[in-house]
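A.B. asks: Here you go, this is my_file-v4.json (JSON, C-alpha atoms).
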```
[["chain", "number", "residue", "atom", "x", "y", "z"],
["A", 614, "MET", "CA", -20.98, -22.28, -3.81],
["A", 615, "GLU", "CA", -22.25, -24.11, -6.89],
["A", 616, "ASN", "CA", -19.96, -22.11, -9.17],
["A", 617, "HIS", "CA", -16.74, -23.50, -7.71],
["A", 618, "LYS", "CA", -17.85, -27.01, -6.64],
["A", 619, "ASN", "CA", -14.93, -28.61, -8.56],
["A", 620, "VAL", "CA", -12.30, -26.37, -6.94],
["A", 621, "THR", "CA", -11.92, -26.39, -3.16],
["A", 622, "GLU", "CA", -8.36, -25.10, -3.11],
["A", 623, "PHE", "CA", -5.81, -23.34, -5.30],
["A", 624, "ILE", "CA", -2.07, -23.99, -5.63],
["A", 625, "PHE", "CA", 0.41, -21.16, -6.21],
["A", 626, "THR", "CA", 3.30, -21.58, -8.61],
["A", 627, "GLY", "CA", 5.19, -18.99, -6.55],
["A", 628, "LEU", "CA", 7.79, -16.53, -7.81],
["A", 629, "TRP", "CA", 10.35, -19.13, -8.83],
["A", 630, "GLN", "CA", 10.39, -22.84, -9.51],
["A", 631, "ASN", "CA", 14.01, -23.22, -8.36],
["A", 632, "ARG", "CA", 14.22, -24.58, -4.79],
["A", 633, "GLN", "CA", 17.59, -23.00, -3.93],
["A", 634, "ILE", "CA", 16.49, -19.56, -5.16],
["A", 635, "GLU", "CA", 13.27, -19.86, -3.15],
["A", 636, "LEU", "CA", 15.17, -20.62, 0.07],
["A", 637, "LEU", "CA", 17.47, -17.65, -0.59],
["A", 638, "PHE", "CA", 14.49, -15.33, -1.10],
["A", 639, "PHE", "CA", 12.79, -16.83, 1.97],
["A", 640, "LEU", "CA", 15.51, -15.21, 4.07],
["A", 641, "LEU", "CA", 15.50, -12.01, 1.99],
["A", 642, "PHE", "CA", 11.72, -11.48, 2.21],
["A", 643, "LEU", "CA", 11.75, -12.36, 5.91],
["A", 644, "LEU", "CA", 14.28, -9.55, 6.49],
["A", 645, "CYS", "CA", 12.22, -7.21, 4.28],
["A", 646, "TYR", "CA", 9.06, -7.99, 6.28],
["A", 647, "LEU", "CA", 10.85, -7.36, 9.58],
["A", 648, "ALA", "CA", 12.12, -4.04, 8.15],
["A", 649, "ILE", "CA", 8.54, -3.13, 7.12],
["A", 650, "LEU", "CA", 7.20, -3.97, 10.60],
["A", 651, "MET", "CA", 9.99, -2.06, 12.34],
["A", 652, "GLY", "CA", 10.06, 1.01, 10.07],
["A", 653, "ASN", "CA", 6.31, 1.58, 9.91],
["A", 654, "SER", "CA", 5.86, 0.84, 13.64],
["A", 655, "VAL", "CA", 8.51, 3.47, 14.45],
["A", 656, "ILE", "CA", 6.65, 6.05, 12.32],
["A", 657, "LEU", "CA", 3.31, 5.12, 13.93],
["A", 658, "PHE", "CA", 4.73, 5.33, 17.45],
["A", 659, "THR", "CA", 6.66, 8.55, 16.82],
["A", 660, "ILE", "CA", 3.74, 10.45, 15.28],
["A", 661, "THR", "CA", 1.16, 9.15, 17.77],
["A", 662, "TYR", "CA", 3.23, 10.15, 20.82],
["A", 663, "SER", "CA", 4.45, 13.53, 19.55],
["A", 664, "HIS", "CA", 2.99, 16.90, 18.57],
["A", 665, "LEU", "CA", 3.21, 15.82, 14.89],
["A", 666, "ILE", "CA", -0.14, 14.02, 15.14],
["A", 667, "GLU", "CA", -1.80, 17.45, 15.19],
["A", 668, "GLN", "CA", -0.44, 18.28, 11.72],
["A", 669, "PRO", "CA", -2.52, 16.96, 8.77],
["A", 670, "MET", "CA", 0.52, 15.75, 6.78],
["A", 671, "TYR", "CA", 1.74, 13.55, 9.64],
["A", 672, "TYR", "CA", -1.79, 12.49, 10.53],
["A", 673, "PHE", "CA", -2.13, 11.05, 7.00],
["A", 674, "LEU", "CA", 1.40, 9.60, 7.16],
["A", 675, "CYS", "CA", 0.41, 7.78, 10.36],
["A", 676, "HIS", "CA", -2.57, 6.20, 8.56],
["A", 677, "LEU", "CA", -0.37, 5.37, 5.55],
["A", 678, "SER", "CA", 2.07, 3.49, 7.79],
["A", 679, "LEU", "CA", -0.84, 1.61, 9.39],
["A", 680, "MET", "CA", -2.10, 0.59, 5.92],
["A", 681, "ASP", "CA", 1.41, -0.57, 4.93],
["A", 682, "LEU", "CA", 1.56, -2.74, 8.06],
["A", 683, "CYS", "CA", -1.89, -4.25, 7.46],
["A", 684, "TYR", "CA", -1.58, -4.68, 3.69],
["A", 685, "THR", "CA", 1.81, -6.39, 3.77],
["A", 686, "SER", "CA", 0.56, -8.68, 6.56],
["A", 687, "THR", "CA", -2.15, -10.03, 4.24],
["A", 688, "VAL", "CA", 0.39, -11.06, 1.57],
["A", 689, "ILE", "CA", 3.99, -11.36, 2.79],
["A", 690, "PRO", "CA", 3.62, -13.90, 5.67],
["A", 691, "ARG", "CA", 2.01, -16.42, 3.30],
["A", 692, "LEU", "CA", 4.61, -15.65, 0.62],
["A", 693, "ILE", "CA", 7.39, -16.33, 3.14],
["A", 694, "ARG", "CA", 5.71, -19.55, 4.29],
["A", 695, "ASP", "CA", 5.25, -20.76, 0.70],
["A", 696, "LEU", "CA", 8.91, -20.06, -0.16],
["A", 697, "ALA", "CA", 9.87, -22.61, 2.51],
["A", 698, "ALA", "CA", 7.04, -25.06, 1.73],
["A", 699, "THR", "CA", 7.01, -27.77, -0.92],
["A", 700, "ARG", "CA", 3.25, -27.41, -1.56],
["A", 701, "LYS", "CA", 1.90, -23.87, -1.89],
["A", 702, "ASN", "CA", -1.84, -24.39, -1.41],
["A", 703, "ILE", "CA", -4.65, -22.09, -0.25],
["A", 704, "SER", "CA", -8.33, -22.94, 0.24],
["A", 705, "TYR", "CA", -11.01, -21.28, -1.92],
["A", 706, "ASN", "CA", -12.42, -19.31, 1.03],
["A", 707, "GLU", "CA", -8.96, -18.17, 2.19],
["A", 708, "CYS", "CA", -8.18, -17.09, -1.37],
["A", 709, "MET", "CA", -11.35, -14.98, -1.59],
["A", 710, "THR", "CA", -10.59, -13.48, 1.85],
["A", 711, "GLN", "CA", -7.06, -12.54, 0.77],
["A", 712, "LEU", "CA", -8.36, -11.03, -2.49],
["A", 713, "PHE", "CA", -10.93, -8.88, -0.66],
["A", 714, "THR", "CA", -8.63, -7.81, 2.20],
["A", 715, "ALA", "CA", -5.64, -6.96, 0.00],
["A", 716, "HIS", "CA", -7.73, -4.84, -2.39],
["A", 717, "LEU", "CA", -9.56, -3.16, 0.49],
["A", 718, "LEU", "CA", -6.32, -2.09, 2.21],
["A", 719, "ALA", "CA", -4.58, -1.17, -1.07],
["A", 720, "GLY", "CA", -7.65, 0.89, -2.06],
["A", 721, "VAL", "CA", -7.60, 2.74, 1.27],
["A", 722, "GLU", "CA", -3.86, 3.39, 0.87],
["A", 723, "ILE", "CA", -4.37, 4.85, -2.62],
["A", 724, "PHE", "CA", -6.96, 7.33, -1.36],
["A", 725, "ILE", "CA", -4.75, 8.24, 1.61],
["A", 726, "LEU", "CA", -2.02, 9.13, -0.92],
["A", 727, "VAL", "CA", -4.62, 11.32, -2.69],
["A", 728, "SER", "CA", -5.40, 13.00, 0.66],
["A", 729, "MET", "CA", -1.69, 13.61, 1.25],
["A", 730, "ALA", "CA", -1.38, 15.21, -2.20],
["A", 731, "LEU", "CA", -4.39, 17.42, -1.43],
["A", 732, "ASP", "CA", -2.79, 18.42, 1.87],
["A", 733, "ARG", "CA", 0.47, 19.45, 0.15],
["A", 734, "TYR", "CA", -1.45, 21.33, -2.56],
["A", 735, "VAL", "CA", -3.42, 23.38, -0.02],
["A", 736, "ALA", "CA", -0.32, 23.98, 2.17],
["A", 737, "ILE", "CA", 1.74, 25.35, -0.75],
["A", 738, "VAL", "CA", -0.86, 26.94, -3.05],
["A", 739, "LYS", "CA", -3.26, 28.28, -0.37],
["A", 740, "PRO", "CA", -1.11, 28.64, 2.77],
["A", 741, "LEU", "CA", -3.30, 31.34, 4.40],
["A", 742, "HIS", "CA", -6.37, 29.08, 4.30],
["A", 743, "TYR", "CA", -4.50, 25.87, 5.16],
["A", 744, "MET", "CA", -5.66, 25.40, 8.78],
["A", 745, "VAL", "CA", -9.27, 26.16, 7.84],
["A", 746, "ILE", "CA", -9.39, 23.85, 4.81],
["A", 747, "MET", "CA", -7.36, 21.00, 6.36],
["A", 748, "SER", "CA", -9.08, 20.98, 9.76],
["A", 749, "ARG", "CA", -9.02, 17.79, 11.85],
["A", 750, "LYS", "CA", -12.71, 17.21, 11.07],
["A", 751, "ARG", "CA", -11.99, 17.37, 7.33],
["A", 752, "CYS", "CA", -8.96, 15.08, 7.70],
["A", 753, "ASP", "CA", -11.14, 12.54, 9.54],
["A", 754, "MET", "CA", -13.71, 12.78, 6.73],
["A", 755, "LEU", "CA", -11.01, 12.10, 4.13],
["A", 756, "ILE", "CA", -9.87, 8.97, 6.01],
["A", 757, "VAL", "CA", -13.48, 7.72, 6.34],
["A", 758, "THR", "CA", -14.02, 8.42, 2.62],
["A", 759, "ALA", "CA", -10.84, 6.44, 1.81],
["A", 760, "TRP", "CA", -12.25, 3.43, 3.70],
["A", 761, "ILE", "CA", -15.66, 3.72, 1.99],
["A", 762, "LEU", "CA", -14.14, 3.96, -1.51],
["A", 763, "GLY", "CA", -11.70, 1.13, -0.73],
["A", 764, "PHE", "CA", -14.59, -1.05, 0.44],
["A", 765, "TRP", "CA", -16.66, -0.32, -2.69],
["A", 766, "HIS", "CA", -13.71, -1.21, -4.91],
["A", 767, "SER", "CA", -12.91, -4.48, -3.10],
["A", 768, "ILE", "CA", -16.50, -5.68, -2.61],
["A", 769, "ALA", "CA", -17.26, -5.10, -6.33],
["A", 770, "LEU", "CA", -14.18, -7.14, -7.24],
["A", 771, "LEU", "CA", -15.06, -9.92, -4.78],
["A", 772, "LEU", "CA", -18.69, -10.22, -5.96],
["A", 773, "MET", "CA", -17.43, -10.37, -9.56],
["A", 774, "VAL", "CA", -15.06, -13.27, -8.75],
["A", 775, "LEU", "CA", -17.61, -15.13, -6.59],
["A", 776, "SER", "CA", -20.00, -15.25, -9.56],
["A", 777, "LEU", "CA", -17.42, -17.00, -11.78],
["A", 778, "PRO", "CA", -17.17, -20.81, -12.25],
["A", 779, "PHE", "CA", -13.86, -22.48, -11.34],
["A", 780, "CYS", "CA", -13.96, -26.02, -12.75],
["A", 781, "GLY", "CA", -10.22, -26.70, -12.85],
["A", 782, "PRO", "CA", -7.26, -26.47, -13.24],
["A", 783, "ASN", "CA", -6.47, -24.83, -9.91],
["A", 784, "LEU", "CA", -2.84, -23.74, -10.45],
["A", 785, "ILE", "CA", -2.46, -19.95, -9.90],
["A", 786, "ASN", "CA", 0.57, -18.48, -11.67],
["A", 787, "HIS", "CA", 1.29, -16.10, -8.80],
["A", 788, "TYR", "CA", 2.23, -16.01, -5.10],
["A", 789, "ALA", "CA", -1.08, -14.44, -3.96],
["A", 790, "CYS", "CA", -4.77, -14.47, -4.90],
["A", 791, "ASP", "CA", -5.41, -11.61, -7.32],
["A", 792, "ILE", "CA", -7.99, -10.87, -9.97],
["A", 793, "LYS", "CA", -5.89, -11.42, -13.12],
["A", 794, "PRO", "CA", -4.34, -14.82, -12.30],
["A", 795, "LEU", "CA", -7.76, -16.02, -11.05],
["A", 796, "LEU", "CA", -9.49, -15.01, -14.30],
["A", 797, "LYS", "CA", -7.12, -17.30, -16.20],
["A", 798, "LEU", "CA", -8.62, -20.29, -14.31],
["A", 799, "VAL", "CA", -12.29, -19.51, -15.04],
["A", 800, "CYS", "CA", -14.01, -22.10, -17.26],
["A", 801, "LYS", "CA", -16.00, -19.64, -19.39],
["A", 802, "ASP", "CA", -15.32, -16.61, -21.59],
["A", 803, "VAL", "CA", -14.02, -13.79, -19.36],
["A", 804, "HIS", "CA", -13.71, -11.04, -21.98],
["A", 805, "VAL", "CA", -16.43, -8.87, -20.41],
["A", 806, "VAL", "CA", -15.26, -9.60, -16.86],
["A", 807, "SER", "CA", -11.70, -8.72, -17.82],
["A", 808, "ILE", "CA", -12.88, -5.33, -19.15],
["A", 809, "LEU", "CA", -14.83, -4.73, -15.90],
["A", 810, "ALA", "CA", -11.75, -5.65, -13.85],
["A", 811, "ILE", "CA", -9.62, -3.19, -15.86],
["A", 812, "ALA", "CA", -12.27, -0.49, -15.34],
["A", 813, "ASN", "CA", -12.46, -1.25, -11.59],
["A", 814, "SER", "CA", -8.71, -1.32, -11.01],
["A", 815, "GLY", "CA", -6.53, -0.28, -13.94],
["A", 816, "MET", "CA", -8.46, 2.73, -15.26],
["A", 817, "VAL", "CA", -9.17, 4.02, -11.74],
["A", 818, "LEU", "CA", -5.47, 3.76, -10.85],
["A", 819, "PHE", "CA", -4.45, 5.52, -14.06],
["A", 820, "ALA", "CA", -6.99, 8.35, -13.56],
["A", 821, "ILE", "CA", -5.88, 8.90, -9.94],
["A", 822, "PHE", "CA", -2.21, 8.85, -11.01],
["A", 823, "ILE", "CA", -2.89, 11.57, -13.64],
["A", 824, "VAL", "CA", -4.74, 13.68, -11.04],
["A", 825, "LEU", "CA", -1.85, 13.31, -8.59],
["A", 826, "LEU", "CA", 0.73, 14.24, -11.22],
["A", 827, "ALA", "CA", -1.37, 17.28, -12.22],
["A", 828, "SER", "CA", -1.54, 18.40, -8.58],
["A", 829, "TYR", "CA", 2.24, 18.18, -8.20],
["A", 830, "ILE", "CA", 2.79, 20.07, -11.46],
["A", 831, "LEU", "CA", 0.52, 22.86, -10.14],
["A", 832, "ILE", "CA", 2.46, 22.84, -6.86],
["A", 833, "LEU", "CA", 5.81, 23.14, -8.67],
["A", 834, "TYR", "CA", 4.40, 25.91, -10.88],
["A", 835, "SER", "CA", 3.23, 27.90, -7.84],
["A", 836, "LEU", "CA", 6.72, 27.68, -6.27],
["A", 837, "ARG", "CA", 8.30, 29.94, -8.86],
["A", 838, "THR", "CA", 7.36, 33.04, -6.80],
["A", 839, "ARG", "CA", 8.64, 31.65, -3.49],
["A", 840, "SER", "CA", 11.94, 32.38, -1.76],
["A", 841, "SER", "CA", 14.84, 29.93, -2.12],
["A", 842, "ALA", "CA", 14.33, 28.60, 1.43],
["A", 843, "GLY", "CA", 10.58, 28.13, 0.84],
["A", 844, "LYS", "CA", 11.25, 26.35, -2.45],
["A", 845, "ARG", "CA", 13.75, 23.97, -0.84],
["A", 846, "LYS", "CA", 11.37, 23.04, 2.01],
["A", 847, "ALA", "CA", 8.40, 22.52, -0.33],
["A", 848, "LEU", "CA", 10.46, 20.53, -2.85],
["A", 849, "SER", "CA", 11.87, 18.33, -0.10],
["A", 850, "THR", "CA", 8.38, 17.43, 1.12],
["A", 851, "CYS", "CA", 6.88, 17.00, -2.36],
["A", 852, "SER", "CA", 9.77, 14.91, -3.69],
["A", 853, "SER", "CA", 9.11, 12.33, -0.94],
["A", 854, "HIS", "CA", 5.44, 12.08, -1.96],
["A", 855, "ILE", "CA", 6.28, 11.91, -5.66],
["A", 856, "MET", "CA", 8.76, 9.05, -5.10],
["A", 857, "VAL", "CA", 6.14, 7.03, -3.16],
["A", 858, "VAL", "CA", 3.40, 7.75, -5.75],
["A", 859, "VAL", "CA", 5.58, 6.79, -8.74],
["A", 860, "LEU", "CA", 6.84, 3.59, -7.07],
["A", 861, "PHE", "CA", 3.36, 2.44, -5.97],
["A", 862, "PHE", "CA", 1.29, 3.58, -8.97],
["A", 863, "GLY", "CA", 3.86, 2.75, -11.66],
["A", 864, "SER", "CA", 3.95, -0.96, -10.79],
["A", 865, "SER", "CA", 0.19, -1.15, -10.07],
["A", 866, "ILE", "CA", -0.85, 0.48, -13.36],
["A", 867, "TYR", "CA", 1.45, -1.84, -15.32],
["A", 868, "ILE", "CA", -0.33, -4.85, -13.84],
["A", 869, "TYR", "CA", -3.99, -3.77, -13.80],
["A", 870, "ILE", "CA", -4.22, -1.79, -17.06],
["A", 871, "LEU", "CA", -3.49, -4.87, -19.21],
["A", 872, "PRO", "CA", -6.15, -7.57, -19.88],
["A", 873, "ALA", "CA", -6.07, -10.89, -18.00],
["A", 874, "GLY", "CA", -5.04, -12.97, -21.02],
["A", 875, "SER", "CA", -1.87, -10.99, -21.74],
["A", 876, "GLU", "CA", 1.50, -12.53, -20.94],
["A", 877, "ASN", "CA", 3.63, -10.24, -18.77],
["A", 878, "LYS", "CA", 5.71, -10.18, -15.59],
["A", 879, "ASP", "CA", 2.78, -9.54, -13.21],
["A", 880, "LYS", "CA", 3.99, -11.51, -10.21],
["A", 881, "GLU", "CA", 7.54, -10.15, -10.42],
["A", 882, "ILE", "CA", 6.41, -6.51, -10.86],
["A", 883, "SER", "CA", 3.85, -6.84, -8.03],
["A", 884, "VAL", "CA", 6.75, -7.30, -5.58],
["A", 885, "PHE", "CA", 7.38, -3.53, -6.00],
["A", 886, "TYR", "CA", 4.08, -2.56, -4.35],
["A", 887, "THR", "CA", 3.71, -5.52, -1.99],
["A", 888, "VAL", "CA", 7.25, -5.54, -0.55],
["A", 889, "ILE", "CA", 9.58, -2.82, -1.82],
["A", 890, "ALA", "CA", 7.31, 0.27, -1.57],
["A", 891, "PRO", "CA", 6.12, -0.46, 2.03],
["A", 892, "MET", "CA", 9.73, -1.11, 3.03],
["A", 893, "LEU", "CA", 11.05, 2.12, 1.47],
["A", 894, "ASN", "CA", 8.20, 4.40, 2.64],
["A", 895, "PRO", "CA", 9.58, 4.88, 6.19],
["A", 896, "LEU", "CA", 13.02, 5.73, 4.76],
["A", 897, "ILE", "CA", 11.63, 8.11, 2.15],
["A", 898, "TYR", "CA", 9.52, 10.00, 4.70],
["A", 899, "THR", "CA", 12.13, 10.19, 7.48],
["A", 900, "LEU", "CA", 15.64, 10.49, 6.00],
["A", 901, "ARG", "CA", 15.02, 13.91, 4.45],
["A", 902, "ASN", "CA", 12.53, 15.14, 7.06],
["A", 903, "SER", "CA", 14.09, 17.09, 9.92],
["A", 904, "GLU", "CA", 10.76, 17.32, 11.82],
["A", 905, "MET", "CA", 10.37, 13.55, 11.84],
["A", 906, "LYS", "CA", 13.99, 12.99, 12.90],
["A", 907, "SER", "CA", 13.63, 15.54, 15.71],
["A", 908, "ALA", "CA", 10.35, 13.99, 16.90],
["A", 909, "MET", "CA", 11.87, 10.49, 16.79],
["A", 910, "HIS", "CA", 14.80, 11.65, 18.91],
["A", 911, "LYS", "CA", 12.47, 13.26, 21.50],
["A", 912, "VAL", "CA", 10.04, 10.33, 21.68],
["A", 913, "TRP", "CA", 12.76, 7.68, 21.97],
["A", 914, "SER", "CA", 14.66, 9.78, 24.53],
["A", 915, "TRP", "CA", 11.46, 10.06, 26.56],
["A", 916, "LEU", "CA", 10.89, 6.32, 26.23],
["A", 917, "SER", "CA", 14.47, 5.53, 27.32],
["A", 918, "LEU", "CA", 14.02, 7.82, 30.35],
["A", 919, "ARG", "CA", 10.78, 6.05, 31.30],
["A", 920, "VAL", "CA", 12.48, 2.65, 31.05],
["A", 921, "GLU", "CA", 15.43, 3.87, 33.15],
["A", 922, "VAL", "CA", 13.09, 5.28, 35.85],
["A", 923, "SER", "CA", 11.09, 2.01, 35.88],
["A", 924, "GLU", "CA", 14.29, -0.03, 36.33],
["A", 925, "ARG", "CA", 15.38, 2.17, 39.24],
["A", 926, "ILE", "CA", 12.00, 1.80, 40.96],
["A", 927, "LEU", "CA", 12.19, -1.99, 40.58]]
```
How does the structure come out when it is put into structure tokens?
C.D. replies:
Amino acid sequence: MENHKNVTEFIFTGLWQNRQIELLFFLLFLLCYLAILMGNSVILFTITYSHLIEQPMYYFLCHLSLMDLCYTSTVIPRLIRDLAATRKNISYNECMTQLFTAHLLAGVEIFILVSMALDRYVAIVKPLHYMVIMSRKRCDMLIVTAWILGFWHSIALLLMVLSLPFCGPNLINHYACDIKPLLKLVCKDVHVVSILAIANSGMVLFAIFIVLLASYILILYSLRTRSSAGKRKALSTCSSHIMVVVLFFGSSIYIYILPAGSENKDKEISVFYTVIAPMLNPLIYTLRNSEMKSAMHKVWSWLSLRVEVSERIL
């Protein structure tokens, strides 16, 4: 506690300094958050209460939707509150909690996306061995591994920040507690810490992104011997994953690959992976997916029937 004795709270600058624009975006982000809650909850409910939960791809999609719900709930509610507030303050302890939780959940989500890419690779490149390789036990292990790796990433980041002295000022040029805007407030040289932060976040993100791109290139290469129908189905599934990966990783790499002292549009670009990507994920995975649309129709028809029967009994 000695390191931050002069700073007991931080104040966010927010996305904009214009009051009218902030009130306009208060309504916009509120609608976006409701869309995120609704879209991801529908996917969770549909997969959990249908036969799709038995398929590895949808099992991972279910966990991805859960991560989107949890991750956005660590950032967006406070962002919405601050857009309507005149003073955007957060205590030191709350800031550290948000930093740890957001990076934990984002880390888990990244490794779930890796698991989904692995699933598509095995399904398309090694279809005869698919059910053996992607067994439920192995899928469970991949999810557990995602949580372990996410925890290692976030706890390393948290311990790094906790060891730094914050003597003032306490104005964070952002709408959330994150490593780069916090490093700008540290009252000592942060050159080494900045390099460690880039290694922990930026370089890891970039390496995973390259691996994911390589896996999709191999998948596309293996499709050249498939029938037209097989190609269309595989491309439809893979294109959804590629869109999500590019949207999430593109904005994240831009932010975390650059050093803390550099001047860029971090807080504006971060909206892509904190708000836009989680909002678009349900649309990307359902609009072009006939299995999901069919399962949604069956589950919601069953639910409507249950409600109707309950009303008649009452």
A.B. asks: Can you work out which one of A:Arg749, A:Asn894, A:Glu881, A:Phe862 has the shortest atom-to-atom distance to Ala648 (chain A), counting only C-alpha atoms?
C.D. replies: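 With only C-alpha atoms as the atom set, the closest residue is A:Asn894.
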A.B. asks: Please produce, as a Markdown table, a per-residue contact table for region 622-713 of chain A versus region 901-909 of chain A (criterion: any atom at most 12 Å away, all atoms listed in the file considered), showing the nearest atom pair and its distance in Å to one decimal, sorted by chain then residue number.
C.D. replies:
```
| residue | atom | partner | partner_atom | distance |
| --- | --- | --- | --- | --- |
| A:Gly652 | CA | A:Met909 | CA | 11.8 |
| A:Ser654 | CA | A:Met909 | CA | 11.8 |
| A:Val655 | CA | A:Met909 | CA | 8.1 |
| A:Ile656 | CA | A:Met909 | CA | 8.2 |
| A:Leu657 | CA | A:Met909 | CA | 10.5 |
| A:Phe658 | CA | A:Met909 | CA | 8.8 |
| A:Thr659 | CA | A:Met909 | CA | 5.6 |
| A:Ile660 | CA | A:Ala908 | CA | 7.7 |
| A:Thr661 | CA | A:Ala908 | CA | 10.4 |
| A:Tyr662 | CA | A:Ala908 | CA | 9.0 |
| A:Ser663 | CA | A:Ala908 | CA | 6.5 |
| A:His664 | CA | A:Ala908 | CA | 8.1 |
| A:Leu665 | CA | A:Ala908 | CA | 7.6 |
| A:Ile666 | CA | A:Ala908 | CA | 10.6 |
| A:Gln668 | CA | A:Glu904 | CA | 11.2 |
| A:Met670 | CA | A:Met905 | CA | 11.3 |
| A:Tyr671 | CA | A:Met905 | CA | 8.9 |
| A:Leu674 | CA | A:Met905 | CA | 10.9 |
| A:Cys675 | CA | A:Met905 | CA | 11.6 |
```
A.B. asks: Using only C-alpha atoms, which of A:Phe673, A:Leu831, A:Met709, A:Gly627 sits nearest Ala759 (chain A)?
C.D. replies: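 Under the stated criterion, the closest residue is A:Phe673.
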A.B. asks: Within 12 Å of region 710-713 of chain A, which residues of region 665-694 of chain A come that close, and what is the closest atom pair and distance in Å for each? Count only C-alpha atoms and give it as JSON lines.
C.D. replies:
```
{"residue": "A:Cys683", "atom": "CA", "partner": "A:Gln711", "partner_atom": "CA", "distance": 11.8}
{"residue": "A:Tyr684", "atom": "CA", "partner": "A:Gln711", "partner_atom": "CA", "distance": 10.0}
{"residue": "A:Thr685", "atom": "CA", "partner": "A:Gln711", "partner_atom": "CA", "distance": 11.2}
{"residue": "A:Ser686", "atom": "CA", "partner": "A:Gln711", "partner_atom": "CA", "distance": 10.3}
{"residue": "A:Thr687", "atom": "CA", "partner": "A:Gln711", "partner_atom": "CA", "distance": 6.5}
{"residue": "A:Val688", "atom": "CA", "partner": "A:Gln711", "partner_atom": "CA", "distance": 7.6}
{"residue": "A:Ile689", "atom": "CA", "partner": "A:Gln711", "partner_atom": "CA", "distance": 11.3}
{"residue": "A:Pro690", "atom": "CA", "partner": "A:Gln711", "partner_atom": "CA", "distance": 11.8}
{"residue": "A:Arg691", "atom": "CA", "partner": "A:Gln711", "partner_atom": "CA", "distance": 10.2}
```
A.B. asks: Name the closest residue to Phe638 (chain A) among the candidates A:Tyr869, A:Leu692, A:Thr850, A:Thr626; distances are taken between atoms, counting all atoms listed in the file.
C.D. replies: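 Using all atoms listed in the file, Phe638 (chain A) sits closest to A:Leu692.
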A.B. asks: Using all atoms listed in the file, pick whichever of A:Val757, A:Ala715, A:Arg925, A:Ala730 has the shortest atom-to-atom distance to Ser852 (chain A).
C.D. replies: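 That would be A:Ala730, the residue with the smallest distance to Ser852 (chain A).
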A.B. asks: For Thr699 (chain A), which residue among A:Tyr734, A:Trp913, A:Phe642, A:Phe625 is the nearest when counting all atoms listed in the file?
C.D. replies: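 The answer is A:Phe625, which sits nearest to Thr699 (chain A).
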A.B. asks: If I take CA of Val806 (chain A) and CA of Ser776 (chain A), how far is one from the other in Å, to one decimal?
C.D. replies: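 The value is 10.4 Å.
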A.B. asks: Provide an axis-aligned box for all listed atoms of region 658-667 of chain A, padding each side by 3 Å; report its centre and its edge lengths in Å to one decimal, as AutoDock Vina command-line options.
C.D. replies:
```
--center_x 2.4 --center_y 11.4 --center_z 17.9 --size_x 14.5 --size_y 18.1 --size_z 11.9
```
A.B. asks: For Asp681 (chain A), which residue among A:Leu784, A:Leu777, A:Leu771, A:Leu650 is the nearest when counting all atoms listed in the file?
C.D. replies: A:Leu650
A.B. asks: For Val799 (chain A), please output as a PyMOL selection string all residues within 12 Å (counting all atoms listed in the file; exclusion window: fewer than 6 positions along the same chain).
C.D. replies: chain A and resi 616-617+619-620+773-785+792-793+806-807+873-874
A.B. asks: Can you measure CA of Leu628 (chain A) to CA of Ala789 (chain A) for me? One decimal in Å is fine.
C.D. replies: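 For CA of Leu628 (chain A) relative to CA of Ala789 (chain A), the distance reads 9.9 Å.
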A.B. asks: Can you tell me which residues surround Val738 (chain A) at a distance of at most 8 Å, considering only C-alpha atoms, apart from same-chain residues fewer than 2 positions away, and format the answer as an mmCIF file with C-alpha atoms, in the frame of the given file?
C.D. replies:
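Contents of out35.cif, as written:
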```cif
data_model
loop_
_atom_site.group_PDB
_atom_site.id
_atom_site.type_symbol
_atom_site.label_atom_id
_atom_site.label_comp_id
_atom_site.auth_asym_id
_atom_site.auth_seq_id
_atom_site.Cartn_x
_atom_site.Cartn_y
_atom_site.Cartn_z
ATOM 1 C CA TYR A 734 -1.450 21.330 -2.560
ATOM 2 C CA VAL A 735 -3.420 23.380 -0.020
ATOM 3 C CA ALA A 736 -0.320 23.980 2.170
ATOM 4 C CA PRO A 740 -1.110 28.640 2.770
ATOM 5 C CA ILE A 832 2.460 22.840 -6.860
ATOM 6 C CA SER A 835 3.230 27.900 -7.840
#
```
A.B. asks: Please measure the separation of CA of Tyr886 (chain A) and CA of Phe861 (chain A), giving the value in Å to one decimal.
C.D. replies: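 For CA of Tyr886 (chain A) relative to CA of Phe861 (chain A), the distance reads 5.3 Å.
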A.B. asks: Name all residues at most 9 Å from Ile703 (chain A) (count all atoms listed in the file; drop same-chain ones fewer than 2 positions away) and give them as JSON, numbers by chain.
C.D. replies: {"A": [621, 622, 623, 624, 625, 701, 705, 706, 707, 708, 790]}
A.B. asks: His676 (chain A): which residues within 10 Å, counting all atoms listed in the file, same-chain residues fewer than 6 positions away excluded, as a list in words?
C.D. replies: Ile656, Leu657, Leu682, Val721, Glu722, Ile725, Leu726 and Ile756 of chain A
